[in-house]
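What follows is one structure encoded as structure tokens, with my remarks underneath.
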Amino acid sequence: MISRPALPTDATESPLPARPRLIATDLDGTLLRDDKSVSDRTIAALAAAEDAGITVFFVTGRPPRWMDVVRDHVHGHGLAICGNGAVVVDLHTGVAVEVRPLPRAVALDVVRELRVAAPGTSFAVEFADGITYEPEYPRFPLDPGSLLAPAEKLLDEDGVAAGRADGTLTPVVKLLAHHRDLTPDGFLTLARTVGGDRATFTRSSPSALVEVSGFGVSKASTLALCCAERGISADEVVAFGDMPNDLEMLTWAGTSYAMGNAHPDVIAAASARTVTNEEDGVAVVIEQIIARHG
């Protein structure tokens, strides 16, 4: 018999919606185990939710090209929210059906101001078609990118990374800012002080890596749009997350769960808490939902 980890008391006592219609879950540190796999138990729970008529949305900071890990587990609608809300992608086709970009002029302002406020900051630019890095930025091992250049050159509308073959500008999905010495939360607070009136700043990494999106663009705002298209209210949504980039989504959803491994701010914001991602905390709650509401 497989041992099932018990839910913490605050999770089992938290009321679930009368009939959940949508489950929204983050991936890294939440649905995925630490080795970036989806457990058999979680795969079964996701399928059971869809069979029960509950729509499942993956809502992640990952770019669409990093979604292969869950591509086989998205069901009927096929959609996922990527880039912290900047891109809605159809995982069946790989096509972005909506992009909510960060204006290049705003991104350039943030770069210039962070260079002054936090000397030593390095940048990467996530475009709709791939990532580019400054030479000093610590590149992702599995995503070396196509270009190395100063961020000002990468973001210049006449620069080397500006255009597509058809002459249109490539949308900027996210600006990434990294600092080797500042604390993660301290760097996020500083970045928000510098540019929080023009862009959305958040973080999902254990290092001092700040993610910058268009003003008002977040997991929550894009999820709300997707729900509105389906006639689903916030009260009918159950959300899961573990890091600051999940905060808006967890406070928007009618019922929200912080993972057992979550950031303290996420634990404080969520309406309940489940066990860790290594213990299949999302599956634990989905099983509870199915058992209660069938």
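By convention in this document, the chains of the structure tokens carry letters A, B, ... by their order, each chain's residues are numbered from 1, and ligands are numbered from 1 in the order they are shown.
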- Can you list, as JSON, numbers by chain, every residue of stretch 219-260 of chain A that DSSP puts in strand (DSSP E or B)? {"A": [237, 238, 239, 240, 241, 255, 256, 257, 258]}
Where does stretch 56-150 of chain A meet stretch 173-193 of chain A within 6 Å, residue by residue, with the nearest atom pair and distance in Å to one decimal for each, counting only C-alpha atoms, listed by chain and rising number, as CSV?
```
residue,atom,partner,partner_atom,distance
A:Ala86,CA,A:Val173,CA,5.9
A:Pro101,CA,A:Val173,CA,5.1
A:Leu102,CA,A:Val173,CA,5.8
A:Thr121,CA,A:His179,CA,4.8
A:Ser122,CA,A:His178,CA,5.3
A:Phe123,CA,A:Ala177,CA,4.6
A:Ala124,CA,A:Leu176,CA,5.0
A:Val125,CA,A:Leu175,CA,4.8
A:Glu126,CA,A:Lys174,CA,5.0
A:Phe127,CA,A:Val173,CA,5.2
A:Ala128,CA,A:Val173,CA,5.9
```
Could you turn the residues from that selection into a file that holds all heavy atoms, as a PDB file, in the first residue's frame?
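Result file is out.pdb:
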```
ATOM      1  N   ALA A  86       2.586  36.555 -19.077  1.00  0.00           N
ATOM      2  CA  ALA A  86       2.853  37.301 -20.309  1.00  0.00           C
ATOM      3  C   ALA A  86       2.434  36.554 -21.567  1.00  0.00           C
ATOM      4  O   ALA A  86       2.208  37.174 -22.602  1.00  0.00           O
ATOM      5  CB  ALA A  86       4.334  37.661 -20.401  1.00  0.00           C
ATOM      6  N   PRO A 101       3.015  41.928 -23.682  1.00  0.00           N
ATOM      7  CA  PRO A 101       4.446  42.248 -23.655  1.00  0.00           C
ATOM      8  C   PRO A 101       4.824  43.329 -22.654  1.00  0.00           C
ATOM      9  O   PRO A 101       3.989  44.103 -22.175  1.00  0.00           O
ATOM     10  CB  PRO A 101       4.714  42.717 -25.083  1.00  0.00           C
ATOM     11  CG  PRO A 101       3.410  43.310 -25.523  1.00  0.00           C
ATOM     12  CD  PRO A 101       2.337  42.459 -24.877  1.00  0.00           C
ATOM     13  N   LEU A 102       6.113  43.368 -22.393  1.00  0.00           N
ATOM     14  CA  LEU A 102       6.744  44.458 -21.648  1.00  0.00           C
ATOM     15  C   LEU A 102       7.254  45.459 -22.688  1.00  0.00           C
ATOM     16  O   LEU A 102       8.089  45.103 -23.526  1.00  0.00           O
ATOM     17  CB  LEU A 102       7.905  43.921 -20.817  1.00  0.00           C
ATOM     18  CG  LEU A 102       8.830  44.943 -20.142  1.00  0.00           C
ATOM     19  CD1 LEU A 102       8.085  45.734 -19.070  1.00  0.00           C
ATOM     20  CD2 LEU A 102      10.050  44.232 -19.539  1.00  0.00           C
ATOM     21  N   THR A 121      24.316  44.751 -11.289  1.00  0.00           N
ATOM     22  CA  THR A 121      23.175  44.017 -11.829  1.00  0.00           C
ATOM     23  C   THR A 121      23.455  43.622 -13.275  1.00  0.00           C
ATOM     24  O   THR A 121      23.958  44.422 -14.062  1.00  0.00           O
ATOM     25  CB  THR A 121      21.891  44.871 -11.794  1.00  0.00           C
ATOM     26  OG1 THR A 121      21.614  45.233 -10.435  1.00  0.00           O
ATOM     27  CG2 THR A 121      20.702  44.109 -12.348  1.00  0.00           C
ATOM     28  N   SER A 122      23.138  42.381 -13.616  1.00  0.00           N
ATOM     29  CA  SER A 122      23.233  41.925 -15.004  1.00  0.00           C
ATOM     30  C   SER A 122      21.855  41.504 -15.480  1.00  0.00           C
ATOM     31  O   SER A 122      20.969  41.184 -14.673  1.00  0.00           O
ATOM     32  CB  SER A 122      24.222  40.762 -15.138  1.00  0.00           C
ATOM     33  OG  SER A 122      23.832  39.676 -14.322  1.00  0.00           O
ATOM     34  N   PHE A 123      21.656  41.486 -16.798  1.00  0.00           N
ATOM     35  CA  PHE A 123      20.322  41.321 -17.354  1.00  0.00           C
ATOM     36  C   PHE A 123      20.272  40.245 -18.435  1.00  0.00           C
ATOM     37  O   PHE A 123      21.257  39.972 -19.122  1.00  0.00           O
ATOM     38  CB  PHE A 123      19.827  42.639 -17.963  1.00  0.00           C
ATOM     39  CG  PHE A 123      19.709  43.760 -16.967  1.00  0.00           C
ATOM     40  CD1 PHE A 123      20.777  44.632 -16.751  1.00  0.00           C
ATOM     41  CD2 PHE A 123      18.550  43.938 -16.233  1.00  0.00           C
ATOM     42  CE1 PHE A 123      20.680  45.658 -15.834  1.00  0.00           C
ATOM     43  CE2 PHE A 123      18.449  44.970 -15.313  1.00  0.00           C
ATOM     44  CZ  PHE A 123      19.509  45.832 -15.111  1.00  0.00           C
ATOM     45  N   ALA A 124      19.077  39.677 -18.556  1.00  0.00           N
ATOM     46  CA  ALA A 124      18.729  38.837 -19.702  1.00  0.00           C
ATOM     47  C   ALA A 124      17.370  39.306 -20.194  1.00  0.00           C
ATOM     48  O   ALA A 124      16.566  39.835 -19.418  1.00  0.00           O
ATOM     49  CB  ALA A 124      18.688  37.362 -19.315  1.00  0.00           C
ATOM     50  N   VAL A 125      17.118  39.126 -21.472  1.00  0.00           N
ATOM     51  CA  VAL A 125      15.847  39.531 -22.059  1.00  0.00           C
ATOM     52  C   VAL A 125      15.169  38.300 -22.639  1.00  0.00           C
ATOM     53  O   VAL A 125      15.743  37.615 -23.503  1.00  0.00           O
ATOM     54  CB  VAL A 125      16.029  40.603 -23.150  1.00  0.00           C
ATOM     55  CG1 VAL A 125      14.662  41.054 -23.683  1.00  0.00           C
ATOM     56  CG2 VAL A 125      16.813  41.800 -22.612  1.00  0.00           C
ATOM     57  N   GLU A 126      13.970  38.034 -22.156  1.00  0.00           N
ATOM     58  CA  GLU A 126      13.159  36.925 -22.659  1.00  0.00           C
ATOM     59  C   GLU A 126      12.224  37.470 -23.723  1.00  0.00           C
ATOM     60  O   GLU A 126      11.286  38.215 -23.432  1.00  0.00           O
ATOM     61  CB  GLU A 126      12.361  36.302 -21.509  1.00  0.00           C
ATOM     62  CG  GLU A 126      11.472  35.128 -21.914  1.00  0.00           C
ATOM     63  CD  GLU A 126      12.271  33.889 -22.234  1.00  0.00           C
ATOM     64  OE1 GLU A 126      13.042  33.422 -21.378  1.00  0.00           O
ATOM     65  OE2 GLU A 126      12.119  33.393 -23.370  1.00  0.00           O
ATOM     66  N   PHE A 127      12.510  37.132 -24.969  1.00  0.00           N
ATOM     67  CA  PHE A 127      11.651  37.518 -26.082  1.00  0.00           C
ATOM     68  C   PHE A 127      10.626  36.404 -26.332  1.00  0.00           C
ATOM     69  O   PHE A 127      10.750  35.288 -25.805  1.00  0.00           O
ATOM     70  CB  PHE A 127      12.469  37.750 -27.342  1.00  0.00           C
ATOM     71  CG  PHE A 127      13.339  38.978 -27.294  1.00  0.00           C
ATOM     72  CD1 PHE A 127      14.693  38.888 -26.973  1.00  0.00           C
ATOM     73  CD2 PHE A 127      12.814  40.234 -27.574  1.00  0.00           C
ATOM     74  CE1 PHE A 127      15.499  40.008 -26.930  1.00  0.00           C
ATOM     75  CE2 PHE A 127      13.615  41.368 -27.533  1.00  0.00           C
ATOM     76  CZ  PHE A 127      14.951  41.257 -27.214  1.00  0.00           C
ATOM     77  N   ALA A 128       9.656  36.680 -27.171  1.00  0.00           N
ATOM     78  CA  ALA A 128       8.645  35.677 -27.494  1.00  0.00           C
ATOM     79  C   ALA A 128       9.251  34.475 -28.202  1.00  0.00           C
ATOM     80  O   ALA A 128       8.667  33.385 -28.177  1.00  0.00           O
ATOM     81  CB  ALA A 128       7.548  36.303 -28.353  1.00  0.00           C
TER      82      ALA A 128
END
```
- Task: Find the residues around stretch 257-260 of chain A up to 7 Å (only C-alpha atoms counted), leave out those fewer than 4 positions away in its own chain, and share them as JSON, numbers by chain.
- Result: {"A": [30, 239, 240, 241, 242, 266, 267, 270, 271, 272, 273, 274, 275, 276, 277, 281]}
Once you have the residues from the selection above, write them out as a PDB file, in the first residue's frame, restricted to C-alpha atoms.
```
ATOM      1  CA  THR A  30       4.637  23.164  -6.638  1.00  0.00           C
ATOM      2  CA  ALA A 239      -4.870  27.745  -6.783  1.00  0.00           C
ATOM      3  CA  PHE A 240      -1.491  26.354  -5.705  1.00  0.00           C
ATOM      4  CA  GLY A 241       1.919  28.026  -5.420  1.00  0.00           C
ATOM      5  CA  ASP A 242       5.171  28.355  -3.528  1.00  0.00           C
ATOM      6  CA  VAL A 266       3.124  32.743   0.324  1.00  0.00           C
ATOM      7  CA  ILE A 267       2.220  30.778   3.436  1.00  0.00           C
ATOM      8  CA  ALA A 270      -2.758  31.537   1.084  1.00  0.00           C
ATOM      9  CA  SER A 271      -6.005  30.395   2.652  1.00  0.00           C
ATOM     10  CA  ALA A 272      -4.572  26.933   3.414  1.00  0.00           C
ATOM     11  CA  ARG A 273      -1.413  24.876   3.276  1.00  0.00           C
ATOM     12  CA  THR A 274      -0.673  21.472   1.811  1.00  0.00           C
ATOM     13  CA  VAL A 275       2.403  19.235   2.017  1.00  0.00           C
ATOM     14  CA  THR A 276       5.542  19.787  -0.055  1.00  0.00           C
ATOM     15  CA  ASN A 277       6.013  19.305  -3.770  1.00  0.00           C
ATOM     16  CA  GLY A 281       0.978  18.298  -2.231  1.00  0.00           C
TER      17      GLY A 281
END
```
- Got a sec to tell me which of stretch 25-223 of chain A DSSP assigns to alpha helix (DSSP H), as a ChimeraX atom specification? /A:40-51,68-71,104-117,151-155,184-195,219-223
Output N, CA and C atoms for every residue in that selection, as a compact mmCIF listing (two decimals), in the first residue's frame.
```txt
# COMPACT_ATOMS: atom_id res chain seq x y z
N ASP A 40 3.64 9.91 -10.85
CA ASP A 40 2.49 9.12 -11.30
C ASP A 40 1.23 9.51 -10.54
N ARG A 41 1.39 9.78 -9.26
CA ARG A 41 0.23 10.16 -8.46
C ARG A 41 -0.36 11.49 -8.94
N THR A 42 0.52 12.44 -9.25
CA THR A 42 0.06 13.73 -9.73
C THR A 42 -0.58 13.61 -11.10
N ILE A 43 -0.01 12.81 -11.99
CA ILE A 43 -0.60 12.59 -13.31
C ILE A 43 -2.02 12.05 -13.17
N ALA A 44 -2.19 11.09 -12.27
CA ALA A 44 -3.51 10.50 -12.06
C ALA A 44 -4.49 11.52 -11.48
N ALA A 45 -4.01 12.37 -10.57
CA ALA A 45 -4.89 13.37 -9.97
C ALA A 45 -5.33 14.41 -10.99
N LEU A 46 -4.43 14.83 -11.86
CA LEU A 46 -4.79 15.80 -12.91
C LEU A 46 -5.84 15.22 -13.84
N ALA A 47 -5.67 13.96 -14.23
CA ALA A 47 -6.64 13.31 -15.11
C ALA A 47 -7.99 13.16 -14.42
N ALA A 48 -7.96 12.84 -13.13
CA ALA A 48 -9.21 12.68 -12.38
C ALA A 48 -9.96 14.00 -12.29
N ALA A 49 -9.24 15.09 -12.12
CA ALA A 49 -9.89 16.40 -12.07
C ALA A 49 -10.57 16.71 -13.39
N GLU A 50 -9.88 16.50 -14.48
CA GLU A 50 -10.47 16.77 -15.79
C GLU A 50 -11.68 15.84 -16.03
N ASP A 51 -11.58 14.58 -15.62
CA ASP A 51 -12.70 13.65 -15.78
C ASP A 51 -13.91 14.10 -14.97
N ASP A 68 7.67 21.23 -22.06
CA ASP A 68 7.58 19.82 -22.45
C ASP A 68 7.29 18.90 -21.28
N VAL A 69 7.72 19.27 -20.09
CA VAL A 69 7.56 18.42 -18.92
C VAL A 69 6.09 18.15 -18.60
N VAL A 70 5.19 19.07 -18.98
CA VAL A 70 3.76 18.86 -18.70
C VAL A 70 2.91 18.80 -19.96
N ARG A 71 3.53 18.85 -21.12
CA ARG A 71 2.78 18.90 -22.38
C ARG A 71 1.82 17.71 -22.53
N ARG A 104 9.42 47.89 -24.73
CA ARG A 104 10.88 48.01 -24.76
C ARG A 104 11.36 49.28 -24.05
N ALA A 105 10.63 50.37 -24.22
CA ALA A 105 11.05 51.63 -23.59
C ALA A 105 11.04 51.51 -22.07
N VAL A 106 10.04 50.82 -21.55
CA VAL A 106 9.96 50.62 -20.10
C VAL A 106 11.11 49.72 -19.64
N ALA A 107 11.34 48.65 -20.38
CA ALA A 107 12.44 47.74 -20.03
C ALA A 107 13.78 48.48 -20.02
N LEU A 108 13.99 49.34 -21.00
CA LEU A 108 15.24 50.12 -21.04
C LEU A 108 15.36 51.05 -19.84
N ASP A 109 14.25 51.68 -19.47
CA ASP A 109 14.27 52.54 -18.28
C ASP A 109 14.65 51.75 -17.04
N VAL A 110 14.07 50.56 -16.89
CA VAL A 110 14.37 49.72 -15.72
C VAL A 110 15.84 49.34 -15.71
N VAL A 111 16.37 48.96 -16.86
CA VAL A 111 17.79 48.60 -16.95
C VAL A 111 18.66 49.76 -16.49
N ARG A 112 18.42 50.93 -17.03
CA ARG A 112 19.25 52.10 -16.70
C ARG A 112 19.16 52.45 -15.22
N GLU A 113 17.94 52.38 -14.68
CA GLU A 113 17.75 52.78 -13.28
C GLU A 113 18.31 51.75 -12.31
N LEU A 114 18.20 50.47 -12.65
CA LEU A 114 18.78 49.44 -11.77
C LEU A 114 20.30 49.46 -11.83
N ARG A 115 20.87 49.82 -12.95
CA ARG A 115 22.33 49.92 -13.00
C ARG A 115 22.84 50.97 -12.01
N VAL A 116 22.04 52.02 -11.82
CA VAL A 116 22.42 53.07 -10.87
C VAL A 116 22.11 52.65 -9.44
N ALA A 117 20.91 52.09 -9.22
CA ALA A 117 20.47 51.75 -7.87
C ALA A 117 21.17 50.52 -7.31
N ALA A 151 22.24 44.81 -22.41
CA ALA A 151 20.77 44.86 -22.46
C ALA A 151 20.28 46.04 -23.29
N GLU A 152 20.99 47.17 -23.20
CA GLU A 152 20.58 48.33 -23.99
C GLU A 152 20.57 48.02 -25.48
N LYS A 153 21.52 47.22 -25.93
CA LYS A 153 21.57 46.85 -27.34
C LYS A 153 20.49 45.81 -27.66
N LEU A 154 20.27 44.88 -26.74
CA LEU A 154 19.25 43.87 -26.95
C LEU A 154 17.86 44.48 -27.05
N LEU A 155 17.63 45.56 -26.32
CA LEU A 155 16.30 46.17 -26.25
C LEU A 155 16.11 47.31 -27.24
N PRO A 184 17.72 37.94 -2.11
CA PRO A 184 16.62 37.87 -3.07
C PRO A 184 15.47 38.83 -2.76
N ASP A 185 15.00 38.84 -1.51
CA ASP A 185 13.89 39.72 -1.17
C ASP A 185 14.32 41.18 -1.15
N GLY A 186 15.55 41.44 -0.73
CA GLY A 186 16.05 42.81 -0.72
C GLY A 186 16.16 43.38 -2.13
N PHE A 187 16.62 42.56 -3.08
CA PHE A 187 16.73 43.02 -4.46
C PHE A 187 15.35 43.27 -5.06
N LEU A 188 14.39 42.42 -4.74
CA LEU A 188 13.02 42.61 -5.24
C LEU A 188 12.44 43.92 -4.70
N THR A 189 12.63 44.17 -3.43
CA THR A 189 12.11 45.42 -2.84
C THR A 189 12.75 46.63 -3.49
N LEU A 190 14.06 46.58 -3.72
CA LEU A 190 14.76 47.69 -4.36
C LEU A 190 14.24 47.91 -5.78
N ALA A 191 14.06 46.82 -6.53
CA ALA A 191 13.59 46.94 -7.91
C ALA A 191 12.19 47.54 -7.97
N ARG A 192 11.33 47.12 -7.06
CA ARG A 192 9.98 47.69 -7.03
C ARG A 192 10.00 49.17 -6.69
N THR A 193 10.91 49.56 -5.82
CA THR A 193 11.04 50.98 -5.48
C THR A 193 11.48 51.79 -6.69
N VAL A 194 12.36 51.22 -7.48
CA VAL A 194 12.88 51.90 -8.66
C VAL A 194 11.84 52.04 -9.76
N GLY A 195 11.10 50.96 -10.04
CA GLY A 195 10.23 51.00 -11.23
C GLY A 195 8.85 50.42 -11.07
N LYS A 219 0.47 36.41 -13.07
CA LYS A 219 -0.27 35.16 -13.19
C LYS A 219 -1.75 35.39 -12.92
N ALA A 220 -2.04 36.21 -11.92
CA ALA A 220 -3.43 36.45 -11.52
C ALA A 220 -4.22 37.16 -12.60
N SER A 221 -3.66 38.22 -13.18
CA SER A 221 -4.42 39.01 -14.14
C SER A 221 -4.72 38.22 -15.40
N THR A 222 -3.76 37.41 -15.86
CA THR A 222 -4.01 36.60 -17.06
C THR A 222 -4.95 35.44 -16.75
N LEU A 223 -4.79 34.83 -15.59
CA LEU A 223 -5.72 33.78 -15.19
C LEU A 223 -7.14 34.32 -15.09
```
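Considering the residues A:Glu287, A:Ile23, A:Asp280, A:Cys226 and counting only C-alpha atoms, A:Gly53 has its shortest atom-to-atom contact with A:Ile23.
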- Query: Residues at most 10 Å from A:Ala224, counting only C-alpha atoms, excluding those fewer than 6 positions away in the same chain, as a PyMOL selection string?
  - Reply: chain A and resi 218+230+232-234+237+249+252-253
Could the residues in this selection be saved with N, CA and C atoms as a compact mmCIF listing (two decimals), in the first residue's frame?
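Saved as out-v1.txt:
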```txt
# COMPACT_ATOMS: atom_id res chain seq x y z
N SER A 218 0.47 39.68 -14.57
CA SER A 218 0.83 38.73 -13.53
C SER A 218 0.11 37.43 -13.81
N ARG A 230 -14.44 31.89 -19.76
CA ARG A 230 -15.15 30.63 -19.51
C ARG A 230 -16.31 30.79 -18.53
N ILE A 232 -16.09 31.63 -15.41
CA ILE A 232 -15.68 31.09 -14.12
C ILE A 232 -15.29 32.24 -13.21
N SER A 233 -15.83 32.26 -12.01
CA SER A 233 -15.52 33.31 -11.05
C SER A 233 -14.34 32.91 -10.18
N ALA A 234 -13.73 33.89 -9.53
CA ALA A 234 -12.60 33.62 -8.64
C ALA A 234 -12.99 32.64 -7.54
N VAL A 237 -12.31 28.94 -8.18
CA VAL A 237 -10.94 28.58 -8.53
C VAL A 237 -10.18 28.14 -7.28
N MET A 249 -1.94 35.47 -7.64
CA MET A 249 -2.85 34.40 -8.01
C MET A 249 -3.50 33.76 -6.79
N TRP A 252 -6.06 36.12 -5.34
CA TRP A 252 -7.22 36.29 -6.24
C TRP A 252 -8.16 35.10 -6.16
N ALA A 253 -7.62 33.91 -6.11
CA ALA A 253 -8.45 32.70 -6.14
C ALA A 253 -9.29 32.58 -4.88
```
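Once A:Ile54 and its same-chain neighbours fewer than 6 positions away are set aside, Pro20, Arg21, Leu22 and Ile23 of chain A remain within 8 Å of it when counting only C-alpha atoms.
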- Task: Might you pull out every residue within 8 Å of A:Ala199, with only C-alpha atoms counted and same-chain residues fewer than 2 positions away left off, and present them as a PyMOL selection string?
- Result: chain A and resi 102+106+195-197+201+212-216
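The nearest approach to A:Arg62 among the residues A:Val89, A:Ala268, A:Val38, A:Ala262, with only C-alpha atoms taken into account, belongs to A:Val89.
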- Using only C-alpha atoms, which residues sit within 6 Å of A:Thr202 once same-chain residues fewer than 3 positions away are excluded, as number ranges by chain? A: 210-211, 245
Please produce a file of the residues just selected, as a short mmCIF file (atom, residue, chain, number, x, y, z; two decimals), in the first residue's frame, where the atoms kept are all heavy atoms.
```cif
data_model
loop_
_atom_site.label_atom_id
_atom_site.label_comp_id
_atom_site.auth_asym_id
_atom_site.auth_seq_id
_atom_site.Cartn_x
_atom_site.Cartn_y
_atom_site.Cartn_z
N VAL A 210 15.31 38.96 -10.24
CA VAL A 210 14.03 39.65 -10.32
C VAL A 210 13.48 39.53 -11.74
O VAL A 210 14.22 39.69 -12.72
CB VAL A 210 14.18 41.14 -9.93
CG1 VAL A 210 12.92 41.93 -10.27
CG2 VAL A 210 14.49 41.26 -8.43
N GLU A 211 12.20 39.22 -11.84
CA GLU A 211 11.53 39.07 -13.13
C GLU A 211 10.61 40.27 -13.34
O GLU A 211 9.79 40.59 -12.49
CB GLU A 211 10.73 37.77 -13.14
CG GLU A 211 11.60 36.55 -12.88
CD GLU A 211 10.78 35.32 -12.50
OE1 GLU A 211 9.91 34.93 -13.28
OE2 GLU A 211 11.03 34.76 -11.40
N ASN A 245 6.07 35.03 -6.96
CA ASN A 245 5.37 35.26 -8.22
C ASN A 245 3.99 34.59 -8.25
O ASN A 245 3.21 34.80 -9.19
CB ASN A 245 6.20 34.81 -9.42
CG ASN A 245 6.47 33.32 -9.47
OD1 ASN A 245 6.55 32.67 -8.43
ND2 ASN A 245 6.61 32.78 -10.66
#
```
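Picture a line from atom CA of A:Ala208 to atom CA of A:Pro138; it runs 11.4 Å.
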- Message: Rounded to one decimal, what separation in Å do you get between atom CA of A:Ile131 and atom CA of A:Pro150?
- Response: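 Computed distance, atom CA of A:Ile131 to atom CA of A:Pro150, equals 13.2 Å.
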